[in-house]
Each structure stands twice: as C-alpha cells, then as structure tokens.
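So this block is data_36.pdb, PDB, C-alpha atoms:
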```pdb
ATOM      1  CA  MET A  32     106.813-290.294 -26.202
ATOM      2  CA  LYS A  33     107.126-287.969 -23.218
ATOM      3  CA  PRO A  34     105.328-284.613 -23.645
ATOM      4  CA  LEU A  35     107.420-281.457 -23.587
ATOM      5  CA  GLU A  36     106.974-279.535 -20.342
ATOM      6  CA  VAL A  37     107.567-275.867 -19.589
ATOM      7  CA  SER A  38     107.488-274.001 -16.294
ATOM      8  CA  TRP A  39     106.075-270.635 -15.330
ATOM      9  CA  ASP A  40     109.607-269.335 -14.908
ATOM     10  CA  ARG A  41     110.531-270.230 -18.485
ATOM     11  CA  LEU A  42     107.490-269.150 -20.461
ATOM     12  CA  ASP A  43     108.055-267.951 -24.013
ATOM     13  CA  TRP A  44     106.195-264.659 -23.806
ATOM     14  CA  ALA A  45     106.796-263.832 -27.475
ATOM     15  CA  ALA A  46     105.222-267.122 -28.541
ATOM     16  CA  LEU A  47     102.240-266.577 -26.232
ATOM     17  CA  ALA A  48     101.698-263.067 -27.633
ATOM     18  CA  ARG A  49     101.835-264.448 -31.186
ATOM     19  CA  LEU A  50      99.332-267.171 -30.298
ATOM     20  CA  ARG A  51      97.011-264.669 -28.609
ATOM     21  CA  ASP A  52      97.098-262.414 -31.672
ATOM     22  CA  GLY A  53      96.354-265.401 -33.872
ATOM     23  CA  PHE A  54      93.360-266.416 -31.757
ATOM     24  CA  LEU A  55      91.956-262.891 -31.898
ATOM     25  CA  SER A  56      92.465-262.500 -35.643
ATOM     26  CA  GLY A  57      91.317-265.982 -36.619
ATOM     27  CA  VAL A  58      94.585-266.743 -38.388
ATOM     28  CA  GLY A  59      93.923-270.427 -37.789
ATOM     29  CA  VAL A  60      91.496-270.329 -40.709
ATOM     30  CA  ALA A  61      94.416-269.941 -43.066
ATOM     31  CA  GLY A  62      96.922-272.170 -41.308
ATOM     32  CA  ALA A  63      98.096-273.816 -38.117
ATOM     33  CA  TYR A  64      98.922-271.820 -35.015
ATOM     34  CA  TRP A  65     101.683-274.128 -33.919
ATOM     35  CA  GLN A  66     105.252-273.658 -35.075
ATOM     36  CA  SER A  67     106.893-275.990 -32.560
ATOM     37  CA  ASP A  68     106.296-278.284 -29.609
ATOM     38  CA  THR A  69     107.339-275.349 -27.440
ATOM     39  CA  ASP A  70     104.356-273.350 -28.713
ATOM     40  CA  LEU A  71     102.031-276.149 -27.646
ATOM     41  CA  ALA A  72     103.672-276.570 -24.252
ATOM     42  CA  ASN A  73     103.445-272.842 -23.489
ATOM     43  CA  TYR A  74      99.833-272.770 -24.636
ATOM     44  CA  ASP A  75      98.904-275.875 -22.654
ATOM     45  CA  LEU A  76     100.186-274.370 -19.412
ATOM     46  CA  THR A  77      98.315-271.088 -19.888
ATOM     47  CA  PHE A  78      95.537-270.465 -22.422
ATOM     48  CA  ALA A  79      94.502-274.120 -22.518
ATOM     49  CA  GLN A  80      93.932-274.203 -18.774
ATOM     50  CA  ARG A  81      91.307-271.485 -19.122
ATOM     51  CA  ILE A  82      89.546-273.598 -21.738
ATOM     52  CA  GLY A  83      89.835-276.554 -19.382
ATOM     53  CA  TRP A  84      88.040-274.602 -16.646
ATOM     54  CA  LYS A  85      85.171-274.033 -19.070
ATOM     55  CA  TRP A  86      85.081-277.744 -19.873
ATOM     56  CA  ASP A  87      85.054-278.582 -16.168
ATOM     57  CA  ALA A  88      82.007-276.320 -15.755
ATOM     58  CA  VAL A  89      80.219-278.013 -18.662
ATOM     59  CA  LEU A  90      81.008-281.503 -17.420
ATOM     60  CA  GLY A  91      79.900-280.523 -13.934
ATOM     61  CA  GLU A  92      76.538-279.446 -15.318
ATOM     62  CA  LEU A  93      76.145-282.700 -17.214
ATOM     63  CA  LYS A  94      76.882-284.591 -14.015
ATOM     64  CA  LEU A  95      74.312-282.443 -12.202
ATOM     65  CA  ARG A  96      71.763-283.458 -14.817
ATOM     66  CA  GLY A  97      72.613-287.125 -14.329
ATOM     67  CA  TRP A  98      73.914-287.603 -17.878
ATOM     68  CA  THR A  99      76.894-289.684 -18.927
ATOM     69  CA  PRO A 100      77.990-290.224 -22.533
ATOM     70  CA  PRO A 101      77.443-293.591 -24.212
ATOM     71  CA  PRO A 102      80.529-295.831 -23.977
ATOM     72  CA  GLY A 103      82.808-296.047 -27.000
ATOM     73  CA  GLU A 104      85.537-294.067 -28.675
ATOM     74  CA  LEU A 105      86.165-290.446 -27.736
ATOM     75  CA  PHE A 106      86.977-288.365 -30.828
ATOM     76  CA  ASP A 107      88.684-284.995 -30.240
ATOM     77  CA  TRP A 108      88.337-283.175 -33.565
ATOM     78  CA  GLY A 109      90.552-280.092 -33.893
ATOM     79  CA  CYS A 110      92.303-281.247 -30.738
ATOM     80  CA  GLY A 111      94.996-278.577 -30.355
ATOM     81  CA  SER A 112      96.953-279.496 -27.221
ATOM     82  CA  GLY A 113      94.196-281.942 -26.233
ATOM     83  CA  VAL A 114      92.916-280.186 -23.114
ATOM     84  CA  ALA A 115      89.234-280.827 -23.937
ATOM     85  CA  SER A 116      89.563-284.595 -24.324
ATOM     86  CA  ARG A 117      91.733-284.812 -21.193
ATOM     87  CA  CYS A 118      88.976-283.072 -19.213
ATOM     88  CA  VAL A 119      86.385-285.516 -20.568
ATOM     89  CA  LEU A 120      88.608-288.510 -19.824
ATOM     90  CA  ARG A 121      89.201-287.299 -16.267
ATOM     91  CA  GLU A 122      85.460-286.944 -15.716
ATOM     92  CA  PHE A 123      84.219-290.182 -17.288
ATOM     93  CA  GLY A 124      87.260-292.470 -17.154
ATOM     94  CA  LEU A 125      88.697-295.219 -19.331
ATOM     95  CA  GLU A 126      85.767-297.479 -18.472
ATOM     96  CA  ASN A 127      83.673-295.162 -20.648
ATOM     97  CA  PHE A 128      86.332-294.237 -23.185
ATOM     98  CA  PRO A 129      89.089-296.852 -23.578
ATOM     99  CA  THR A 130      90.024-295.307 -26.925
ATOM    100  CA  LEU A 131      90.812-291.724 -27.895
ATOM    101  CA  ARG A 132      90.944-290.537 -31.500
ATOM    102  CA  LEU A 133      92.735-287.268 -32.302
ATOM    103  CA  PHE A 134      92.501-285.064 -35.359
ATOM    104  CA  ASP A 135      93.928-281.630 -36.083
ATOM    105  CA  ARG A 136      95.277-279.673 -39.031
ATOM    106  CA  SER A 137      98.640-279.782 -37.270
ATOM    107  CA  THR A 138     100.536-283.043 -36.818
ATOM    108  CA  LEU A 139     102.520-281.260 -34.088
ATOM    109  CA  ALA A 140      99.287-280.756 -32.169
ATOM    110  CA  ILE A 141      98.170-284.362 -32.634
ATOM    111  CA  ASP A 142     101.488-285.721 -31.375
ATOM    112  CA  PHE A 143     101.506-283.346 -28.394
ATOM    113  CA  ALA A 144      97.894-284.154 -27.440
ATOM    114  CA  ALA A 145      98.596-287.891 -27.719
ATOM    115  CA  ALA A 146     101.666-287.658 -25.501
ATOM    116  CA  ARG A 147      99.811-285.632 -22.843
ATOM    117  CA  ALA A 148      96.862-288.049 -22.854
ATOM    118  CA  LYS A 149      99.098-291.112 -22.586
ATOM    119  CA  ALA A 150     101.081-289.521 -19.758
ATOM    120  CA  LEU A 151      97.871-289.147 -17.754
ATOM    121  CA  PHE A 152      96.214-292.382 -18.891
ATOM    122  CA  PRO A 153      98.930-294.955 -19.715
ATOM    123  CA  LYS A 154      96.405-297.684 -20.609
ATOM    124  CA  LEU A 155      94.568-295.453 -23.072
ATOM    125  CA  THR A 156      94.592-296.511 -26.734
ATOM    126  CA  VAL A 157      95.130-293.509 -29.010
ATOM    127  CA  ASN A 158      94.115-293.517 -32.685
ATOM    128  CA  PHE A 159      94.764-290.809 -35.246
ATOM    129  CA  GLY A 160      92.967-289.127 -38.119
ATOM    130  CA  ALA A 161      89.394-288.367 -39.090
ATOM    131  CA  LEU A 162      87.008-291.197 -39.921
ATOM    132  CA  THR A 163      85.471-290.898 -43.383
ATOM    133  CA  GLU A 164      82.518-293.165 -42.605
ATOM    134  CA  GLY A 165      80.842-295.010 -39.765
ATOM    135  CA  CYS A 166      79.988-293.922 -36.229
ATOM    136  CA  THR A 167      82.303-291.413 -34.571
ATOM    137  CA  GLY A 168      81.408-292.308 -30.951
ATOM    138  CA  THR A 169      81.394-289.268 -28.678
ATOM    139  CA  LEU A 170      82.634-286.248 -30.587
ATOM    140  CA  VAL A 171      84.458-283.465 -28.719
ATOM    141  CA  LEU A 172      84.599-280.018 -30.336
ATOM    142  CA  SER A 173      86.275-277.089 -28.605
ATOM    143  CA  HIS A 174      86.632-273.526 -29.887
ATOM    144  CA  VAL A 175      86.508-274.443 -33.571
ATOM    145  CA  LEU A 176      83.640-272.572 -35.245
ATOM    146  CA  ASN A 177      85.343-269.217 -35.643
ATOM    147  CA  GLU A 178      88.186-270.906 -37.527
ATOM    148  CA  LEU A 179      86.032-272.605 -40.151
ATOM    149  CA  SER A 180      84.786-271.422 -43.518
ATOM    150  CA  GLU A 181      81.171-272.097 -44.480
ATOM    151  CA  ALA A 182      82.238-275.125 -46.505
ATOM    152  CA  GLU A 183      84.231-276.460 -43.556
ATOM    153  CA  ARG A 184      81.270-275.944 -41.230
ATOM    154  CA  GLU A 185      79.105-277.985 -43.576
ATOM    155  CA  ALA A 186      81.682-280.773 -43.596
ATOM    156  CA  LEU A 187      81.839-280.683 -39.803
ATOM    157  CA  LEU A 188      78.049-280.886 -39.621
ATOM    158  CA  GLN A 189      78.145-284.131 -41.584
ATOM    159  CA  LEU A 190      80.718-285.524 -39.151
ATOM    160  CA  VAL A 191      78.535-284.514 -36.197
ATOM    161  CA  ARG A 192      75.588-286.362 -37.740
ATOM    162  CA  ARG A 193      77.543-289.632 -37.479
ATOM    163  CA  ALA A 194      78.203-289.286 -33.739
ATOM    164  CA  ASP A 195      76.423-291.046 -30.902
ATOM    165  CA  ALA A 196      76.956-287.985 -28.697
ATOM    166  CA  VAL A 197      78.455-284.519 -29.104
ATOM    167  CA  LEU A 198      80.132-282.314 -26.507
ATOM    168  CA  TRP A 199      80.728-278.884 -28.018
ATOM    169  CA  VAL A 200      82.180-275.808 -26.277
ATOM    170  CA  GLU A 201      82.711-272.414 -27.928
ATOM    171  CA  PRO A 202      83.701-268.953 -26.683
ATOM    172  CA  GLY A 203      80.834-267.087 -25.055
ATOM    173  CA  THR A 204      80.657-264.299 -27.624
ATOM    174  CA  HIS A 205      77.498-263.222 -29.421
ATOM    175  CA  THR A 206      78.879-264.378 -32.787
ATOM    176  CA  ASP A 207      80.099-267.785 -31.630
ATOM    177  CA  SER A 208      76.968-268.458 -29.615
ATOM    178  CA  ARG A 209      74.724-267.608 -32.548
ATOM    179  CA  ALA A 210      76.770-269.896 -34.801
ATOM    180  CA  LEU A 211      76.348-272.726 -32.293
ATOM    181  CA  ILE A 212      72.611-272.074 -32.057
ATOM    182  CA  ALA A 213      72.444-272.400 -35.851
ATOM    183  CA  MET A 214      74.105-275.814 -35.570
ATOM    184  CA  ARG A 215      71.649-276.835 -32.841
ATOM    185  CA  GLU A 216      68.702-275.940 -35.044
ATOM    186  CA  ARG A 217      69.970-278.178 -37.828
ATOM    187  CA  LEU A 218      70.600-281.102 -35.480
ATOM    188  CA  ARG A 219      67.690-281.043 -33.017
ATOM    189  CA  GLU A 220      65.495-283.426 -35.014
ATOM    190  CA  GLU A 221      68.225-286.063 -35.044
ATOM    191  CA  PHE A 222      69.558-285.582 -31.514
ATOM    192  CA  GLU A 223      68.246-285.151 -28.007
ATOM    193  CA  VAL A 224      69.395-281.780 -26.679
ATOM    194  CA  VAL A 225      70.962-282.739 -23.348
ATOM    195  CA  ALA A 226      72.190-279.267 -22.351
ATOM    196  CA  PRO A 227      72.156-276.342 -21.910
ATOM    197  CA  CYS A 228      68.558-276.416 -23.105
ATOM    198  CA  THR A 229      65.773-278.118 -21.166
ATOM    199  CA  HIS A 230      63.874-278.741 -24.409
ATOM    200  CA  ARG A 231      64.434-279.438 -28.097
ATOM    201  CA  GLU A 232      62.054-276.815 -29.473
ATOM    202  CA  THR A 233      63.239-273.970 -31.677
ATOM    203  CA  CYS A 234      65.662-271.785 -29.762
ATOM    204  CA  GLY A 235      63.723-268.863 -28.285
ATOM    205  CA  GLN A 236      66.585-266.492 -28.984
ATOM    206  CA  LEU A 237      65.847-266.802 -32.698
ATOM    207  CA  ALA A 238      62.452-265.160 -32.247
ATOM    208  CA  LEU A 239      61.961-261.708 -33.725
ATOM    209  CA  GLY A 240      63.171-259.063 -31.296
ATOM    210  CA  ASN A 241      65.726-261.288 -29.559
ATOM    211  CA  GLU A 242      68.569-260.633 -31.966
ATOM    212  CA  ARG A 243      70.707-258.956 -29.307
ATOM    213  CA  HIS A 244      70.654-262.010 -27.035
ATOM    214  CA  TRP A 245      72.950-265.009 -27.099
ATOM    215  CA  CYS A 246      73.204-268.274 -25.157
ATOM    216  CA  HIS A 247      76.175-268.162 -22.805
ATOM    217  CA  THR A 248      77.182-268.667 -19.224
ATOM    218  CA  PHE A 249      80.278-268.208 -17.073
ATOM    219  CA  ALA A 250      82.648-270.721 -15.543
ATOM    220  CA  ALA A 251      84.136-270.086 -12.122
ATOM    221  CA  PRO A 252      87.929-269.782 -12.012
ATOM    222  CA  PRO A 253      89.763-272.007  -9.512
ATOM    223  CA  VAL A 254      89.695-270.872  -5.902
ATOM    224  CA  GLY A 255      92.718-268.735  -5.069
ATOM    225  CA  LEU A 256      93.556-267.943  -8.673
ATOM    226  CA  MET A 257      93.737-264.188  -8.075
ATOM    227  CA  ALA A 258      96.355-264.783  -5.386
ATOM    228  CA  ASP A 259      98.561-266.837  -7.705
ATOM    229  CA  SER A 260     101.428-264.612  -8.825
ATOM    230  CA  HIS A 261     102.074-266.663 -11.972
ATOM    231  CA  TRP A 262      98.517-266.295 -13.220
ATOM    232  CA  VAL A 263      98.343-262.624 -12.246
ATOM    233  CA  ARG A 264     101.497-261.912 -14.237
ATOM    234  CA  PHE A 265     100.181-263.903 -17.194
ATOM    235  CA  ALA A 266      96.892-261.981 -17.155
ATOM    236  CA  GLN A 267      98.657-258.631 -17.017
ATOM    237  CA  ARG A 268     100.997-259.413 -19.906
ATOM    238  CA  MET A 269      98.293-260.991 -22.073
ATOM    239  CA  GLY A 270      95.566-258.447 -21.244
ATOM    240  CA  ILE A 271      93.179-261.061 -19.853
ATOM    241  CA  ASP A 272      90.574-260.783 -17.102
ATOM    242  CA  LEU A 273      91.104-263.944 -15.051
ATOM    243  CA  ARG A 274      87.644-263.675 -13.487
ATOM    244  CA  SER A 275      85.778-263.730 -16.801
ATOM    245  CA  LEU A 276      85.286-267.168 -18.359
ATOM    246  CA  PRO A 277      82.293-266.900 -20.710
ATOM    247  CA  TYR A 278      81.390-269.880 -22.851
ATOM    248  CA  SER A 279      78.627-271.351 -24.956
ATOM    249  CA  PHE A 280      78.095-275.077 -25.223
ATOM    250  CA  LEU A 281      75.936-277.829 -26.615
ATOM    251  CA  ALA A 282      75.581-281.446 -25.483
ATOM    252  CA  LEU A 283      73.701-283.812 -27.781
ATOM    253  CA  GLU A 284      72.830-287.509 -27.855
ATOM    254  CA  ARG A 285      71.467-289.372 -30.853
ATOM    255  CA  ARG A 286      67.712-289.831 -30.538
ATOM    256  CA  GLY A 287      66.630-293.360 -29.731
ATOM    257  CA  LEU A 288      70.086-294.452 -28.617
ATOM    258  CA  ARG A 289      68.960-294.804 -24.984
ATOM    259  CA  PRO A 290      65.737-294.138 -23.073
ATOM    260  CA  GLU A 291      65.227-290.473 -22.176
ATOM    261  CA  THR A 292      65.784-289.626 -18.506
ATOM    262  CA  ASP A 293      65.634-285.831 -18.377
ATOM    263  CA  LYS A 294      64.636-285.014 -14.801
ATOM    264  CA  PHE A 295      64.728-281.285 -15.607
ATOM    265  CA  ALA A 296      62.170-281.323 -18.398
ATOM    266  CA  GLY A 297      59.913-278.288 -17.984
ATOM    267  CA  TRP A 298      62.535-276.294 -16.101
ATOM    268  CA  SER A 299      64.134-273.089 -17.396
ATOM    269  CA  ARG A 300      67.820-272.564 -18.152
ATOM    270  CA  VAL A 301      69.314-269.337 -16.793
ATOM    271  CA  VAL A 302      71.231-267.548 -19.557
ATOM    272  CA  GLY A 303      74.165-265.242 -18.885
ATOM    273  CA  THR A 304      74.514-263.728 -15.423
ATOM    274  CA  PRO A 305      71.567-263.076 -13.085
ATOM    275  CA  ARG A 306      71.296-259.410 -12.062
ATOM    276  CA  VAL A 307      70.848-259.127  -8.317
ATOM    277  CA  TYR A 308      69.440-255.987  -6.721
ATOM    278  CA  LYS A 309      68.184-255.101  -3.264
ATOM    279  CA  GLY A 310      65.223-257.341  -2.614
ATOM    280  CA  PHE A 311      64.879-258.828  -6.087
ATOM    281  CA  ALA A 312      66.790-260.371  -8.995
ATOM    282  CA  LYS A 313      66.344-260.492 -12.754
ATOM    283  CA  LEU A 314      66.919-263.791 -14.550
ATOM    284  CA  PHE A 315      66.968-264.174 -18.304
ATOM    285  CA  CYS A 316      65.492-267.641 -18.750
ATOM    286  CA  CYS A 317      65.080-270.034 -21.654
ATOM    287  CA  ALA A 318      62.331-272.668 -21.751
ATOM    288  CA  ALA A 319      60.304-274.542 -24.334
ATOM    289  CA  ALA A 320      57.910-271.602 -24.656
ATOM    290  CA  GLY A 321      60.750-269.196 -25.443
ATOM    291  CA  VAL A 322      62.993-266.758 -23.595
ATOM    292  CA  SER A 323      61.889-264.179 -21.050
ATOM    293  CA  ASP A 324      63.380-261.789 -18.529
ATOM    294  CA  LEU A 325      61.851-262.793 -15.201
ATOM    295  CA  THR A 326      61.819-261.069 -11.806
ATOM    296  CA  LEU A 327      62.386-263.066  -8.649
ATOM    297  CA  GLN A 328      61.426-261.327  -5.387
ATOM    298  CA  LYS A 329      63.520-262.186  -2.355
ATOM    299  CA  ARG A 330      60.404-262.809  -0.264
ATOM    300  CA  ASP A 331      59.116-265.397  -2.760
ATOM    301  CA  ALA A 332      62.257-267.570  -2.694
ATOM    302  CA  PRO A 333      64.733-266.450  -0.006
ATOM    303  CA  ASP A 334      66.997-269.483  -0.374
ATOM    304  CA  VAL A 335      67.352-269.060  -4.132
ATOM    305  CA  PHE A 336      67.826-265.318  -3.733
ATOM    306  CA  LYS A 337      70.660-265.960  -1.262
ATOM    307  CA  GLN A 338      72.333-268.283  -3.763
ATOM    308  CA  LEU A 339      72.131-265.569  -6.382
ATOM    309  CA  LYS A 340      73.413-262.899  -4.001
ATOM    310  CA  ASP A 341      76.318-265.149  -2.996
ATOM    311  CA  GLU A 342      77.158-265.468  -6.710
ATOM    312  CA  GLU A 343      76.606-269.203  -6.793
ATOM    313  CA  ARG A 344      76.107-270.667 -10.270
ATOM    314  CA  VAL A 345      72.320-271.012 -10.473
ATOM    315  CA  LEU A 346      71.858-272.901 -13.736
ATOM    316  CA  LEU A 347      68.273-274.183 -13.797
ATOM    317  CA  VAL A 348      65.091-272.918 -12.181
ATOM    318  CA  ASP A 349      61.590-274.275 -11.861
ATOM    319  CA  GLY A 350      58.699-272.161 -10.703
ATOM    320  CA  VAL A 351      55.419-270.501 -11.476
ATOM    321  CA  THR A 352      55.438-267.565 -13.862
ATOM    322  CA  ALA A 353      52.855-264.825 -13.871
ATOM    323  CA  GLY A 354      53.732-262.340 -16.558
ATOM    324  CA  GLU A 355      57.319-261.391 -15.810
ATOM    325  CA  LYS A 356      57.235-262.614 -12.209
ATOM    326  CA  LEU A 357      58.723-265.899 -10.999
ATOM    327  CA  THR A 358      57.443-267.504  -7.784
ATOM    328  CA  ALA A 359      57.535-270.862  -5.963
ATOM    329  CA  VAL A 360      61.061-271.345  -7.259
ATOM    330  CA  LYS A 361      63.350-274.350  -7.053
ATOM    331  CA  ALA A 362      66.878-274.079  -8.385
ATOM    332  CA  THR A 363      69.975-276.119  -9.135
ATOM    333  CA  VAL A 364      73.449-274.847  -8.403
ATOM    334  CA  GLY A 365      76.435-275.990 -10.433
TER     335      GLY A 365
END
```

Will you turn the file into structure tokens for me?
Amino acid sequence: MKPLEVSWDRLDWAALARLRDGFLSGVGVAGAYWQSDTDLANYDLTFAQRIGWKWDAVLGELKLRGWTPPPGELFDWGCGSGVASRCVLREFGLENFPTLRLFDRSTLAIDFAAARAKALFPKLTVNFGALTEGCTGTLVLSHVLNELSEAEREALLQLVRRADAVLWVEPGTHTDSRALIAMRERLREEFEVVAPCTHRETCGQLALGNERHWCHTFAAPPVGLMADSHWVRFAQRMGIDLRSLPYSFLALERRGLRPETDKFAGWSRVVGTPRVYKGFAKLFCCAAAGVSDLTLQKRDAPDVFKQLKDEERVLLVDGVTAGEKLTAVKATVG
C-alpha cells in the first residue's frame, strides 16, 4: 500500500486547525483525531515533523552516551502517523529492528504508519496490535500521557514493565514532565535510567521546594528553517513558534539485561536552558544528590562558557561544586 502524500501547496488548512485544536484540548482522550487519510498526510508533513525533530534530538543524545537499544521488535504504541518509530528505525536500522509493531486507537493511523514505514524500509516486517503478554521488545511512546485517563496510564505502565527498553518522549510542559517523572519513579527499581538522568535515585525535582521545576530541554530546529517560506507560513497560520521545541523524555533499559556501561555516571544533566550573562552563566543541574542552580564563571571554564554563549546544546557537565559555584568543568554538546 502506497502512503497518501500531500504537498505544501495543497495543505488542508481547515483540517490542520481542527487537529491543532484537538491537540490543545486533549480531545484524543475521548476519541481519535483522524477522520481520513488526508488528515494523517497533512499532519505528517507538518506537526509530525516537529515531533520528529524532538526525537532526533533524543536519539542524538543516546548516541552521544554510547547507548543502543537491545535488538528485537520495535513497538510503536499510540503510533499516530508513525513519525517516532521512523526516526528510531532511521537511527538504529533494520539490523537492530527487523520487525515493527504498530498500535493505535485508530485503524486509519495504523495503516498510514505502516505504509510510511514500508515505503522507507521495504524489507521491514510490520505487525499490528498490542501484545497481551510476553516481552514487548523496545517500546516507543510519543506524546501520549496527556491523552490517557488514570486507568489507561496504569494499563500502559503494565505494558512498559514488559519491555526490554523504553524510549518515551512527551511535550516539555510542566504538567507532562511531572507526569513522566511520576512514571520514572515507579519504574526505576526495575529499569536502568539511561537518560536524561545520570543516576537512578529519586528525582531531585520531587524534593520539597522544587515544585515549580520540571525536567525538559529544547531541540534545535533544522538549519535554515526560518528562511523556508512553507514553514514560516505554517507557523503564522497555526500560531506556532518554530524556534521553540521543548520536550521531556525518558530512556530505560531493563536491569540486568546487559552489563552497565554508563560513562557519564557522576555527571550532572543540564535541565531547561542555561542562562548566559556577561562573564558567567547559570545552569540548573540534576545529579544523584539532587537538583541545584549552579554558577559557572567564564574564567573557570572559558571553552564551556563559549559553548553556552554560542547557544550550543550543552547537555551534561562534570565539575567541582562549592556551594552554588561550578569549577573545573567538562561538558558534552549534543
């Protein structure tokens, strides 16, 4: 089956506006977004690409950390148009995932996602439907939590517990991040926390006084995006800031499945966006001991400060802390 394609010149703006309103209102809790293949094709060309850029950022960080998922089936639960699983397949290849399983409330979405995946990976085997028992391989979850009732979240948690690995991306809002942190807390005894955390202790943002914080970061849009007239028009009509791509994510691997090889143990994860001033920067950092707002002086780490000033994605830092001061810093850039 060949997937339906649309072009920028033939976008269904009414359908996109309806989909946007549904995303914002959470109408997906009550029913499917998709009314036709055309809905999915319009979405896949526009909104889904923005989600794909977030997935590319997550997968880039996992590559930076030297992690690859265990081989087996890739299971895209709540697949929508299938952009998340396509990103994962592009990154890790059919040698890692010869089989893709798709599940969604909408059969339209499943068929569309299958057709798009097969068009890109003709040798891929595609299976359908949720497994009721047994291992679920590597589970992909993308922008699902805000659509689920409490009972549905509990059911999803049981599915997650049967996975070898979990790759989970949510919007970078306070509410969605906090919901994902709650899931992490219930899973951290059974799974190694691969990322974004550098530890599997209790999340420091749950400590008293940290209620206003949330775990999120920002993906970089493609180079030249702001000069692309199609995307600029889309952003204007949909009321979207193309430069802002906040997301929260969680990567897990079942404990004991493979030997641990975390070369960034003891480092700190930078949360949100570093604030750069003249001569110093403030970094909100998460480590095993908790979260803290640290000050980095330019003179103490000029190379790292330059990376921050140039707005490079500094993800992880390692250094000496004295109170709220960070010195002798090493950093990774994603």

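If you measure from each of A:Met269, A:Val224, A:Ala213, A:Ala359 to Asp52 of chain A using only C-alpha atoms, the closest one turns out to be A:Met269.
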
Taking all atoms listed in the file into account, name the residue in A:Leu95, A:Cys228, A:Leu283, A:Leu155 that is nearest to Gly168 of chain A. A:Leu283

I need the residue set behind the PyMOL selection byres ((chain A and resi 117) around 10) for this file; please write it as a PyMOL selection string. chain A and resi 83+86+107+112-116+118-122+124+131+144-145+147-149+151-152

Write out, as a compact mmCIF listing (two decimals), keeping the file's coordinate frame, the residues just selected, with C-alpha atoms.
```
# COMPACT_ATOMS: atom_id res chain seq x y z
CA GLY A 83 89.84 -276.55 -19.38
CA TRP A 86 85.08 -277.74 -19.87
CA ASP A 107 88.68 -285.00 -30.24
CA SER A 112 96.95 -279.50 -27.22
CA GLY A 113 94.20 -281.94 -26.23
CA VAL A 114 92.92 -280.19 -23.11
CA ALA A 115 89.23 -280.83 -23.94
CA SER A 116 89.56 -284.60 -24.32
CA CYS A 118 88.98 -283.07 -19.21
CA VAL A 119 86.38 -285.52 -20.57
CA LEU A 120 88.61 -288.51 -19.82
CA ARG A 121 89.20 -287.30 -16.27
CA GLU A 122 85.46 -286.94 -15.72
CA GLY A 124 87.26 -292.47 -17.15
CA LEU A 131 90.81 -291.72 -27.90
CA ALA A 144 97.89 -284.15 -27.44
CA ALA A 145 98.60 -287.89 -27.72
CA ARG A 147 99.81 -285.63 -22.84
CA ALA A 148 96.86 -288.05 -22.85
CA LYS A 149 99.10 -291.11 -22.59
CA LEU A 151 97.87 -289.15 -17.75
CA PHE A 152 96.21 -292.38 -18.89
```

Could you tell me how far atom CA of Thr99 of chain A sits from atom CA of Trp84 of chain A, in Å to one decimal place? 18.9 Å

Name every residue that the PyMOL selection byres ((chain A and resi 324-331) around 10) selects in this structure, writing the answer as JSON, numbers by chain with chains first and numbers rising. {"A": [301, 302, 305, 306, 307, 308, 309, 310, 311, 312, 313, 314, 315, 316, 317, 322, 323, 332, 333, 334, 335, 336, 337, 352, 353, 354, 355, 356, 357, 358, 359, 360]}

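Once the PyMOL selection byres ((chain A and resi 231-244) around 8) is applied to this file, the selection holds His205, Ile212, Glu216, Arg219, Glu223, Val224, Cys228, Thr229, His230, Trp245, Cys246, Cys317, Ala318, Ala319, Ala320, Gly321 and Val322 of chain A.
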
Taking C-alpha atoms for each residue, export the selection above as an mmCIF file, in the frame of the given file.
```cif
data_model
loop_
_atom_site.group_PDB
_atom_site.id
_atom_site.type_symbol
_atom_site.label_atom_id
_atom_site.label_comp_id
_atom_site.auth_asym_id
_atom_site.auth_seq_id
_atom_site.Cartn_x
_atom_site.Cartn_y
_atom_site.Cartn_z
ATOM 1 C CA HIS A 205 77.498 -263.222 -29.421
ATOM 2 C CA ILE A 212 72.611 -272.074 -32.057
ATOM 3 C CA GLU A 216 68.702 -275.940 -35.044
ATOM 4 C CA ARG A 219 67.690 -281.043 -33.017
ATOM 5 C CA GLU A 223 68.246 -285.151 -28.007
ATOM 6 C CA VAL A 224 69.395 -281.780 -26.679
ATOM 7 C CA CYS A 228 68.558 -276.416 -23.105
ATOM 8 C CA THR A 229 65.773 -278.118 -21.166
ATOM 9 C CA HIS A 230 63.874 -278.741 -24.409
ATOM 10 C CA TRP A 245 72.950 -265.009 -27.099
ATOM 11 C CA CYS A 246 73.204 -268.274 -25.157
ATOM 12 C CA CYS A 317 65.080 -270.034 -21.654
ATOM 13 C CA ALA A 318 62.331 -272.668 -21.751
ATOM 14 C CA ALA A 319 60.304 -274.542 -24.334
ATOM 15 C CA ALA A 320 57.910 -271.602 -24.656
ATOM 16 C CA GLY A 321 60.750 -269.196 -25.443
ATOM 17 C CA VAL A 322 62.993 -266.758 -23.595
#
```

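Among the candidates A:Trp262, A:Pro101, A:Leu190, A:Arg41, the one nearest to Pro290 of chain A when counting only C-alpha atoms is A:Pro101.
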
If we draw a sphere of 12 Å around (106.3, -280.3, -21.6), which residues have at least one atom in it when counting only C-alpha atoms? Please report them as a CSV table (one decimal) with C-alpha atoms, keeping the file's coordinate frame.
```
chain,number,residue,atom,x,y,z
A,32,MET,CA,106.8,-290.3,-26.2
A,33,LYS,CA,107.1,-288.0,-23.2
A,34,PRO,CA,105.3,-284.6,-23.6
A,35,LEU,CA,107.4,-281.5,-23.6
A,36,GLU,CA,107.0,-279.5,-20.3
A,37,VAL,CA,107.6,-275.9,-19.6
A,38,SER,CA,107.5,-274.0,-16.3
A,39,TRP,CA,106.1,-270.6,-15.3
A,41,ARG,CA,110.5,-270.2,-18.5
A,42,LEU,CA,107.5,-269.2,-20.5
A,67,SER,CA,106.9,-276.0,-32.6
A,68,ASP,CA,106.3,-278.3,-29.6
A,69,THR,CA,107.3,-275.3,-27.4
A,70,ASP,CA,104.4,-273.4,-28.7
A,71,LEU,CA,102.0,-276.1,-27.6
A,72,ALA,CA,103.7,-276.6,-24.3
A,73,ASN,CA,103.4,-272.8,-23.5
A,74,TYR,CA,99.8,-272.8,-24.6
A,75,ASP,CA,98.9,-275.9,-22.7
A,76,LEU,CA,100.2,-274.4,-19.4
A,112,SER,CA,97.0,-279.5,-27.2
A,143,PHE,CA,101.5,-283.3,-28.4
A,144,ALA,CA,97.9,-284.2,-27.4
A,146,ALA,CA,101.7,-287.7,-25.5
A,147,ARG,CA,99.8,-285.6,-22.8
A,150,ALA,CA,101.1,-289.5,-19.8
```

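For the pair atom CA of Phe78 of chain A and atom CA of Leu170 of chain A, the separation is 22.0 Å.
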
Residue list as a ChimeraX atom specification for point (63.7, -280.2, -15.3), cut-off 9 Å, only C-alpha atoms: /A:96,229,293-299,347-349
